[in-house]
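Q: Here it is, the structure in full.
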There are 2 protein chains.
Amino acid sequence: MSSGITEIELGVTADMHVHLREGAMMNLIVPTIKQGGIKVVYVMPNLTPPITSIERVKAYKQQLEALDSETKFLTSFYLNSNITPELVAQASDEGLIQGIKCYPAGVTTNSDAGVDPNDFSNFYPVFKVMQEKGLILNLHGEKPSPSNHKETEFEPRNDDEDINILNAESKFLPALLKLHQDFPQLKIVLEHCTSKESIELIRHINKDKTSNDEIFVAATITAHHLYLTIDKWAGNPINYCKPVAKFHQDKLSLIEAATGGEPWFFFGSDSAPHPIELKCVYQNVCAGVFTQSFVLSYLGEIFEKFDKLDNLKKFVSDNSLKFYNLLDDKPLLSSGKSVWLIKRKIQIPKLISNSEVKVVPFKADESLNWTVEWRDTN
Amino acid sequence: MSSGITEIELGVTADMHVHLREGAMMNLIVPTIKQGGIKVVYVMPNLTPPITSIERVKAYKQQLEALDSETKFLTSFYLNSNITPELVAQASDEGLIQGIKCYPAGVTTNSDAGVDPNDFSNFYPVFKVMQEKGLILNLHGEKPSPSNHKETEFEPRNDDEDINILNAESKFLPALLKLHQDFPQLKIVLEHCTSKESIELIRHINKDKTSNDEIFVAATITAHHLYLTIDKWAGNPINYCKPVAKFHQDKLSLIEAATGGEPWFFFGSDSAPHPIELKCVYQNVCAGVFTQSFVLSYLGEIFEKFDKLDNLKKFVSDNSLKFYNLLDDKPLLSSGKSVWLIKRKIQIPKLISNSEVKVVPFKADESLNWTVEWRDTN
């Protein structure tokens, strides 16, 4: 165990998958980014309606920056039929998007407008432009389940059709591989990956890479998936998210990947706040775990447990800054502030709230061993 | 499809696994037995504290009979260290128990006082008396999961230790087999079985049986497990129960078993009412699906869909009356009333309630095609 370490400098920290919402929820959540010790966030576009225009992404980015001028917000489009190659080129040229998020239709919160992962070919002209512009394609890697298709609910299913929330990610992986084959220079992130199989595939794709510049397929890993398994979300809506947490061996595989320092794995919290009243329902619980306020505390605990604190900076900074082409961003890198992880107990609150909205954080009311501080670099 | 059939006589119907609770909930639930078209119920003893004494089982039975004098209540003990061979013999001789329910500690509602399924040997003297008296051993067939053992949460697990809510039933089956080998004439029911593997094991055990008198191991199947899979309870606390519903092929296997007429499969609803406020929580959702009021409607729908209405009487009457030695019960069999399933649409209510408690029924607010009627037999 890293018994000697009591503080560690993490530099310019990044969380490459956040949900910041709009309105009262946005007002509550945006300040928790800095509180959680994160400098750069990659913001998901699954608002209602989703972000698919120059005007919308510009306005959203301005709203976010108005709430917190020190955090760096990377913004994105939501892939659907509104997204044309011309639009993508323009948004990229104007610096308004760093990537595009692809949701298979119907797999999670506000994904109804998403795409059919059985056939991405409609979007190949878009991917071509993205590849040219160096934009990131962020994949929610799950195949939609037919479980709610009333007409086939009692029919036998062949292996292709037999998709459920536990194998939906594995079933998606061939689509990821095909995309990579068809666009070998397109940067692709398999977001919030949850399974040993996904971890192994990402490693396999990158196995012969000798320099970071050759990495085109990476994966984000959340904090909560390092803790959860199916037994912990079953009967606990607060831990229910998509993709759902899988089995013990998957969890250990995710921990090994997150803590191992490999450059194709980096942090994306998928912190997804929902009002408490939408978690306390007997049906249609909103999927999402809220971690933003304490992301580095959750991670510190795990990295310490596995004696890997030395690799934490790679996971929460170096690997993602490199993959997202942020190492040339002088203003970002010379902001004069650095994040430190400090060994000091904190108590996760039971709720975070403002006058309009209440959110239950992950591990509410538990005590953790690490907290964060912002320190001047000079 | 059984297009011609519009009504079918089911005779003396039995639901061999019900939770009737106490107090206000009991007052609400007991009348729903008859409403649901059921004459005989086998009542679970997992009250707080559990039923483990002559006085308690007698008093509970009287309470139930006071609420409904026409329903036949079969009562049971809760297996724990209070249960001695002498107590079992006395309770059996006085006709107070038809069986004993065995809960592995910690797997479901009020199971904390249960037993360690890794070692039943402490209870062998009890099982010996049960075998002699013809009592039924009702097994909640799940191995407890170590997922909440903080000390091993991040340790590698070997196959034996790797238990979760999806494989907990399969992992229990060797314990069932060993019990059957050690007590070949003890009547054992694997309750609310949920997996293809369990169905196949029960068939395997019984494969050479040439008469009903040779059947010593049977299984109950619920109504809701004929509809649910993991995707339907994830995010829907109202459908969350233990054992959890598994996968599509398990569901189809359960349907095949329930509708197939084999004498070792019969109906036990495991109808388990919880107040709505205990389902609408963000953690520690109570496990249980409430089906009592409409059990035969749920079943009728499935049996019709699979063109097996001819076998419904076996599932909800003949097989269980035989296994529970009720075919000699003259007063029961000559009650003058018979249950009929009638093809007539009903609407499941959004709630069933009295002034103190509200329960959301399975498939609340949906419409089903079959309802029940009690008719005179003469």
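We name chains A, B, ... following the order of the structure tokens; residues begin at 1 in each chain, and ligands are numbered from 1 as shown.
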Provide as number ranges by chain the residues of chain B at most 6 Å from chain A, counting only C-alpha atoms.
A: B: 235-238, 279-285
Q: Please identify all polymer residues within 12 Å of Phe123 of chain B, counting only C-alpha atoms, omitting same-chain residues fewer than 2 positions from it, and present them as a list in words.
A: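 Here the qualifying residues turn out to be Leu79, Asn80, Ser81, Asn82, Ile83, Thr84, Pro85, Val88, Ile100, Cys102, Gly114, Val115, Asp116, Pro117, Asp119, Phe120, Ser121, Pro125, Val126, Phe127, Lys128, Val129, Met130, Leu137, Leu179, Asp182 and Phe183 of chain B.
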Q: Which residues are near Ser367 of chain A? Cut-off 9 Å, only C-alpha atoms, ignore same chain within fewer than 2 positions. Put them as a list in words.
A: Lys345, Ile346, Gln347, Ile348, Lys363, Ala364, Asp365 and Asn369 of chain A
Q: Please save C-alpha atoms of the selected residues as a PDB file, in the first residue's frame.
A:
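What follows is the written file result08.pdb:
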```
ATOM      1  CA  LYS A 345     -11.084  12.513   5.479  1.00  0.00           C
ATOM      2  CA  ILE A 346     -14.219  13.917   3.963  1.00  0.00           C
ATOM      3  CA  GLN A 347     -17.840  13.052   4.537  1.00  0.00           C
ATOM      4  CA  ILE A 348     -19.997  12.756   1.412  1.00  0.00           C
ATOM      5  CA  LYS A 363     -21.800   7.045  -1.534  1.00  0.00           C
ATOM      6  CA  ALA A 364     -23.987   9.602   0.216  1.00  0.00           C
ATOM      7  CA  ASP A 365     -23.240   9.903   3.907  1.00  0.00           C
ATOM      8  CA  ASN A 369      -9.983   9.282   2.821  1.00  0.00           C
TER       9      ASN A 369
END
```
Q: Would you work out the distance separating atom CA of Leu296 of chain A from atom CA of Ala223 of chain A, expressed in Å to one decimal?
A: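 Atom-to-atom, atom CA of Leu296 of chain A to atom CA of Ala223 of chain A, that is 8.4 Å.
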Q: Find the spatial neighbours of Glu70 of chain A, counting only C-alpha atoms, within a cut-off of 10 Å - ignore same-chain residues fewer than 5 positions away - and output them as a ChimeraX atom specification.
A: /A:34,39-40,65,332,335
Q: For segment 43-60 of chain B, please output as a PyMOL selection string all residues within 6 Å (counting only C-alpha atoms; exclusion window: fewer than 4 positions along the same chain).
A: chain B and resi 18-19+74-78+110
Q: Generate a file of the selected residues that holds N, CA, C and O atoms, formatted as a short mmCIF file (atom, residue, chain, number, x, y, z; two decimals), in the first residue's frame.
A:
```
data_model
loop_
_atom_site.label_atom_id
_atom_site.label_comp_id
_atom_site.auth_asym_id
_atom_site.auth_seq_id
_atom_site.Cartn_x
_atom_site.Cartn_y
_atom_site.Cartn_z
N VAL B 18 -47.43 -17.88 -0.66
CA VAL B 18 -47.99 -16.53 -0.53
C VAL B 18 -47.43 -15.84 0.71
O VAL B 18 -47.08 -16.48 1.70
N HIS B 19 -47.37 -14.52 0.62
CA HIS B 19 -46.98 -13.68 1.75
C HIS B 19 -48.19 -12.86 2.15
O HIS B 19 -48.64 -12.01 1.38
N LEU B 74 -52.71 -23.09 4.59
CA LEU B 74 -51.69 -24.04 5.04
C LEU B 74 -50.55 -23.21 5.62
O LEU B 74 -50.07 -22.27 4.97
N THR B 75 -50.11 -23.54 6.80
CA THR B 75 -49.11 -22.70 7.48
C THR B 75 -47.81 -23.47 7.69
O THR B 75 -47.74 -24.68 7.52
N SER B 76 -46.79 -22.72 8.07
CA SER B 76 -45.43 -23.27 8.06
C SER B 76 -44.58 -22.65 9.16
O SER B 76 -44.90 -21.59 9.69
N PHE B 77 -43.50 -23.32 9.45
CA PHE B 77 -42.47 -22.77 10.34
C PHE B 77 -41.36 -22.15 9.49
O PHE B 77 -41.17 -22.51 8.33
N TYR B 78 -40.60 -21.28 10.16
CA TYR B 78 -39.42 -20.64 9.57
C TYR B 78 -38.20 -21.37 10.14
O TYR B 78 -37.99 -21.37 11.37
N ASN B 110 -36.89 -10.12 5.25
CA ASN B 110 -36.95 -10.82 6.54
C ASN B 110 -36.29 -12.19 6.51
O ASN B 110 -36.83 -13.17 7.00
#
```
Q: Figure out the distance between atom CA of Lys358 of chain A and atom CA of Arg21 of chain A, please, to one decimal in Å.
A: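 That distance, rounded to one decimal, is 13.7 Å.
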Q: Output as an NGL selection string all residues of segment 166-371 of chain A that backbone DSSP marks as strand (DSSP E).
A: :A and (187-190 or 217-221 or 265-267 or 337-347 or 352-353 or 358-359 or 367-371)
Q: With C-alpha atoms kept, could you save the residues just selected as a compact mmCIF listing (two decimals), in the first residue's frame?
A:
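See part.txt below for the written result:
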```txt
# COMPACT_ATOMS: atom_id res chain seq x y z
CA LYS A 187 -10.39 9.17 -32.85
CA ILE A 188 -13.00 7.04 -31.12
CA VAL A 189 -13.78 6.79 -27.41
CA LEU A 190 -15.77 3.89 -26.05
CA VAL A 217 -9.27 4.15 -30.03
CA ALA A 218 -9.53 4.78 -26.31
CA ALA A 219 -12.04 4.21 -23.53
CA THR A 220 -13.26 6.22 -20.59
CA ILE A 221 -13.90 4.61 -17.24
CA PHE A 265 -7.70 4.50 -20.74
CA PHE A 266 -8.69 7.75 -19.09
CA PHE A 267 -11.27 9.23 -16.80
CA LYS A 337 -3.39 26.47 -10.71
CA SER A 338 -2.80 22.82 -10.06
CA VAL A 339 -4.99 20.21 -8.41
CA TRP A 340 -3.63 18.23 -5.50
CA LEU A 341 -5.11 15.12 -3.96
CA ILE A 342 -4.69 15.31 -0.20
CA LYS A 343 -5.09 12.52 2.31
CA ARG A 344 -7.75 14.04 4.53
CA LYS A 345 -11.08 12.51 5.48
CA ILE A 346 -14.22 13.92 3.96
CA GLN A 347 -17.84 13.05 4.54
CA ILE A 352 -26.49 18.37 -2.65
CA SER A 353 -29.17 20.93 -3.38
CA LYS A 358 -31.94 18.00 -4.77
CA VAL A 359 -29.46 15.34 -5.88
CA SER A 367 -16.64 8.85 4.66
CA LEU A 368 -13.69 8.85 2.21
CA ASN A 369 -9.98 9.28 2.82
CA TRP A 370 -8.96 11.76 0.13
CA THR A 371 -9.96 15.27 -0.76
```
Q: Find the residues near segment 309-319 of chain A: any atom within 8 Å, counting only C-alpha atoms, skip ones fewer than 3 places away on the same chain, and give them as a list in words.
A: Ser2, Ile8, Glu9, Leu10, Gly11, Val12, Thr13, Ala14, Asp15, Ala258, Thr259, Gly260, Gly261, Pro263, Trp264, Phe265, Phe266, Phe267, Gly300, Phe303, Glu304, Lys322 and Phe323 of chain A
Q: What is the atom CA of Ile136 of chain B-atom CA of Leu173 of chain B distance in Å, reported with one decimal?
A: 17.5 Å
Q: Counting only C-alpha atoms, what is within 10 Å of His140 of chain B, bar same-chain residues fewer than 3 positions away, as an mmCIF file with all heavy atoms, in the first residue's frame?
A:
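Output below, filename result_9.cif:
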```cif
data_model
loop_
_atom_site.group_PDB
_atom_site.id
_atom_site.type_symbol
_atom_site.label_atom_id
_atom_site.label_comp_id
_atom_site.auth_asym_id
_atom_site.auth_seq_id
_atom_site.Cartn_x
_atom_site.Cartn_y
_atom_site.Cartn_z
ATOM 1 N N LYS B 101 -40.222 -23.564 5.964
ATOM 2 C CA LYS B 101 -39.559 -22.747 4.950
ATOM 3 C C LYS B 101 -38.116 -22.477 5.367
ATOM 4 O O LYS B 101 -37.862 -22.072 6.501
ATOM 5 C CB LYS B 101 -40.298 -21.410 4.801
ATOM 6 C CG LYS B 101 -39.674 -20.428 3.798
ATOM 7 C CD LYS B 101 -39.844 -20.876 2.359
ATOM 8 C CE LYS B 101 -39.150 -19.944 1.370
ATOM 9 N NZ LYS B 101 -39.813 -18.668 1.173
ATOM 10 N N CYS B 102 -37.235 -22.685 4.423
ATOM 11 C CA CYS B 102 -35.812 -22.480 4.672
ATOM 12 C C CYS B 102 -35.301 -21.295 3.861
ATOM 13 O O CYS B 102 -35.304 -21.336 2.633
ATOM 14 C CB CYS B 102 -35.058 -23.747 4.286
ATOM 15 S SG CYS B 102 -33.287 -23.541 4.281
ATOM 16 N N TYR B 103 -34.899 -20.245 4.557
ATOM 17 C CA TYR B 103 -34.321 -19.057 3.915
ATOM 18 C C TYR B 103 -32.822 -19.010 4.178
ATOM 19 O O TYR B 103 -32.408 -18.946 5.335
ATOM 20 C CB TYR B 103 -34.888 -17.775 4.514
ATOM 21 C CG TYR B 103 -36.302 -17.439 4.143
ATOM 22 C CD1 TYR B 103 -37.347 -17.790 4.986
ATOM 23 C CD2 TYR B 103 -36.588 -16.760 2.975
ATOM 24 C CE1 TYR B 103 -38.660 -17.468 4.668
ATOM 25 C CE2 TYR B 103 -37.897 -16.431 2.645
ATOM 26 C CZ TYR B 103 -38.930 -16.785 3.494
ATOM 27 O OH TYR B 103 -40.227 -16.470 3.174
ATOM 28 N N PRO B 104 -32.015 -18.998 3.139
ATOM 29 C CA PRO B 104 -30.607 -18.666 3.372
ATOM 30 C C PRO B 104 -30.528 -17.265 3.987
ATOM 31 O O PRO B 104 -31.252 -16.367 3.560
ATOM 32 C CB PRO B 104 -29.993 -18.685 1.972
ATOM 33 C CG PRO B 104 -30.904 -19.560 1.181
ATOM 34 C CD PRO B 104 -32.283 -19.310 1.735
ATOM 35 N N VAL B 107 -30.843 -13.269 2.019
ATOM 36 C CA VAL B 107 -31.125 -13.169 0.583
ATOM 37 C C VAL B 107 -32.368 -12.374 0.216
ATOM 38 O O VAL B 107 -32.479 -11.889 -0.893
ATOM 39 C CB VAL B 107 -31.191 -14.551 -0.120
ATOM 40 C CG1 VAL B 107 -29.855 -15.245 -0.061
ATOM 41 C CG2 VAL B 107 -32.287 -15.395 0.478
ATOM 42 N N THR B 108 -33.344 -12.244 1.146
ATOM 43 C CA THR B 108 -34.553 -11.522 0.763
ATOM 44 C C THR B 108 -35.243 -10.943 1.995
ATOM 45 O O THR B 108 -34.665 -10.940 3.086
ATOM 46 C CB THR B 108 -35.505 -12.410 -0.067
ATOM 47 O OG1 THR B 108 -36.536 -11.602 -0.638
ATOM 48 C CG2 THR B 108 -36.128 -13.513 0.756
ATOM 49 N N SER B 111 -35.116 -12.274 5.930
ATOM 50 C CA SER B 111 -34.410 -13.558 5.905
ATOM 51 C C SER B 111 -33.162 -13.538 6.792
ATOM 52 O O SER B 111 -32.378 -14.472 6.786
ATOM 53 C CB SER B 111 -34.012 -13.913 4.458
ATOM 54 O OG SER B 111 -33.052 -13.008 3.975
ATOM 55 N N PRO B 117 -26.676 -21.986 3.829
ATOM 56 C CA PRO B 117 -26.934 -23.084 2.889
ATOM 57 C C PRO B 117 -25.683 -23.893 2.572
ATOM 58 O O PRO B 117 -25.762 -24.891 1.862
ATOM 59 C CB PRO B 117 -27.462 -22.372 1.651
ATOM 60 C CG PRO B 117 -26.856 -21.019 1.711
ATOM 61 C CD PRO B 117 -26.727 -20.681 3.174
ATOM 62 N N LEU B 137 -40.368 -29.533 2.828
ATOM 63 C CA LEU B 137 -39.292 -28.562 3.035
ATOM 64 C C LEU B 137 -39.300 -27.591 1.856
ATOM 65 O O LEU B 137 -39.063 -27.988 0.710
ATOM 66 C CB LEU B 137 -37.932 -29.268 3.133
ATOM 67 C CG LEU B 137 -36.731 -28.328 3.297
ATOM 68 C CD1 LEU B 137 -36.795 -27.544 4.604
ATOM 69 C CD2 LEU B 137 -35.412 -29.108 3.202
ATOM 70 N N LYS B 143 -27.931 -18.962 -2.980
ATOM 71 C CA LYS B 143 -26.772 -18.784 -2.100
ATOM 72 C C LYS B 143 -26.592 -17.304 -1.828
ATOM 73 O O LYS B 143 -26.673 -16.487 -2.750
ATOM 74 C CB LYS B 143 -25.520 -19.335 -2.790
ATOM 75 C CG LYS B 143 -25.296 -20.791 -2.499
ATOM 76 C CD LYS B 143 -23.829 -21.014 -2.143
ATOM 77 C CE LYS B 143 -23.532 -22.464 -1.917
ATOM 78 N NZ LYS B 143 -22.092 -22.680 -1.699
ATOM 79 N N GLU B 169 -29.034 -18.655 -7.646
ATOM 80 C CA GLU B 169 -29.908 -19.837 -7.678
ATOM 81 C C GLU B 169 -29.146 -21.055 -8.219
ATOM 82 O O GLU B 169 -29.191 -22.132 -7.620
ATOM 83 C CB GLU B 169 -31.149 -19.549 -8.533
ATOM 84 C CG GLU B 169 -32.156 -20.685 -8.550
ATOM 85 C CD GLU B 169 -33.456 -20.301 -9.245
ATOM 86 O OE1 GLU B 169 -34.213 -19.478 -8.682
ATOM 87 O OE2 GLU B 169 -33.722 -20.800 -10.362
ATOM 88 N N PHE B 172 -26.944 -22.564 -5.778
ATOM 89 C CA PHE B 172 -27.613 -23.268 -4.686
ATOM 90 C C PHE B 172 -27.956 -24.711 -5.042
ATOM 91 O O PHE B 172 -28.120 -25.563 -4.158
ATOM 92 C CB PHE B 172 -28.909 -22.521 -4.314
ATOM 93 C CG PHE B 172 -29.671 -23.151 -3.191
ATOM 94 C CD1 PHE B 172 -29.380 -22.829 -1.867
ATOM 95 C CD2 PHE B 172 -30.677 -24.076 -3.438
ATOM 96 C CE1 PHE B 172 -30.072 -23.417 -0.830
ATOM 97 C CE2 PHE B 172 -31.375 -24.676 -2.407
ATOM 98 C CZ PHE B 172 -31.072 -24.343 -1.092
ATOM 99 N N VAL B 189 -39.516 -28.639 -2.017
ATOM 100 C CA VAL B 189 -39.937 -27.742 -3.096
ATOM 101 C C VAL B 189 -38.873 -26.659 -3.288
ATOM 102 O O VAL B 189 -38.528 -25.945 -2.341
ATOM 103 C CB VAL B 189 -41.287 -27.056 -2.798
ATOM 104 C CG1 VAL B 189 -41.669 -26.119 -3.958
ATOM 105 C CG2 VAL B 189 -42.380 -28.085 -2.573
ATOM 106 N N LEU B 190 -38.355 -26.577 -4.483
ATOM 107 C CA LEU B 190 -37.513 -25.436 -4.849
ATOM 108 C C LEU B 190 -38.470 -24.298 -5.199
ATOM 109 O O LEU B 190 -39.146 -24.333 -6.226
ATOM 110 C CB LEU B 190 -36.627 -25.788 -6.045
ATOM 111 C CG LEU B 190 -35.711 -24.666 -6.538
ATOM 112 C CD1 LEU B 190 -34.678 -24.280 -5.480
ATOM 113 C CD2 LEU B 190 -35.016 -25.058 -7.832
ATOM 114 N N GLU B 191 -38.532 -23.316 -4.314
ATOM 115 C CA GLU B 191 -39.556 -22.272 -4.458
ATOM 116 C C GLU B 191 -39.169 -21.246 -5.522
ATOM 117 O O GLU B 191 -37.999 -20.950 -5.715
ATOM 118 C CB GLU B 191 -39.774 -21.570 -3.111
ATOM 119 C CG GLU B 191 -40.322 -22.482 -2.007
ATOM 120 C CD GLU B 191 -41.756 -22.915 -2.246
ATOM 121 O OE1 GLU B 191 -42.470 -22.217 -2.993
ATOM 122 O OE2 GLU B 191 -42.150 -23.975 -1.699
ATOM 123 N N HIS B 192 -40.214 -20.707 -6.167
ATOM 124 C CA HIS B 192 -40.080 -19.605 -7.141
ATOM 125 C C HIS B 192 -38.816 -19.735 -7.984
ATOM 126 O O HIS B 192 -37.995 -18.822 -8.022
ATOM 127 C CB HIS B 192 -40.124 -18.242 -6.457
ATOM 128 C CG HIS B 192 -39.323 -18.126 -5.174
ATOM 129 N ND1 HIS B 192 -38.006 -18.439 -5.110
ATOM 130 C CD2 HIS B 192 -39.696 -17.735 -3.935
ATOM 131 C CE1 HIS B 192 -37.583 -18.236 -3.873
ATOM 132 N NE2 HIS B 192 -38.586 -17.810 -3.143
ATOM 133 N N CYS B 193 -38.671 -20.879 -8.643
ATOM 134 C CA CYS B 193 -37.441 -21.060 -9.418
ATOM 135 C C CYS B 193 -37.475 -20.162 -10.657
ATOM 136 O O CYS B 193 -38.532 -19.862 -11.211
ATOM 137 C CB CYS B 193 -37.195 -22.523 -9.743
ATOM 138 S SG CYS B 193 -38.332 -23.243 -10.882
ATOM 139 N N LYS B 242 -36.873 -11.133 -5.276
ATOM 140 C CA LYS B 242 -35.825 -12.121 -5.122
ATOM 141 C C LYS B 242 -36.450 -13.507 -5.151
ATOM 142 O O LYS B 242 -37.441 -13.718 -4.448
ATOM 143 C CB LYS B 242 -35.104 -11.926 -3.783
ATOM 144 C CG LYS B 242 -34.225 -10.703 -3.704
ATOM 145 C CD LYS B 242 -32.993 -10.857 -4.560
ATOM 146 C CE LYS B 242 -31.960 -9.773 -4.234
ATOM 147 N NZ LYS B 242 -31.312 -9.944 -2.937
ATOM 148 N N PRO B 243 -35.906 -14.471 -5.894
ATOM 149 C CA PRO B 243 -34.809 -14.274 -6.839
ATOM 150 C C PRO B 243 -35.216 -13.317 -7.964
ATOM 151 O O PRO B 243 -36.380 -13.318 -8.376
ATOM 152 C CB PRO B 243 -34.581 -15.682 -7.403
ATOM 153 C CG PRO B 243 -35.321 -16.621 -6.512
ATOM 154 C CD PRO B 243 -36.422 -15.849 -5.903
#
```
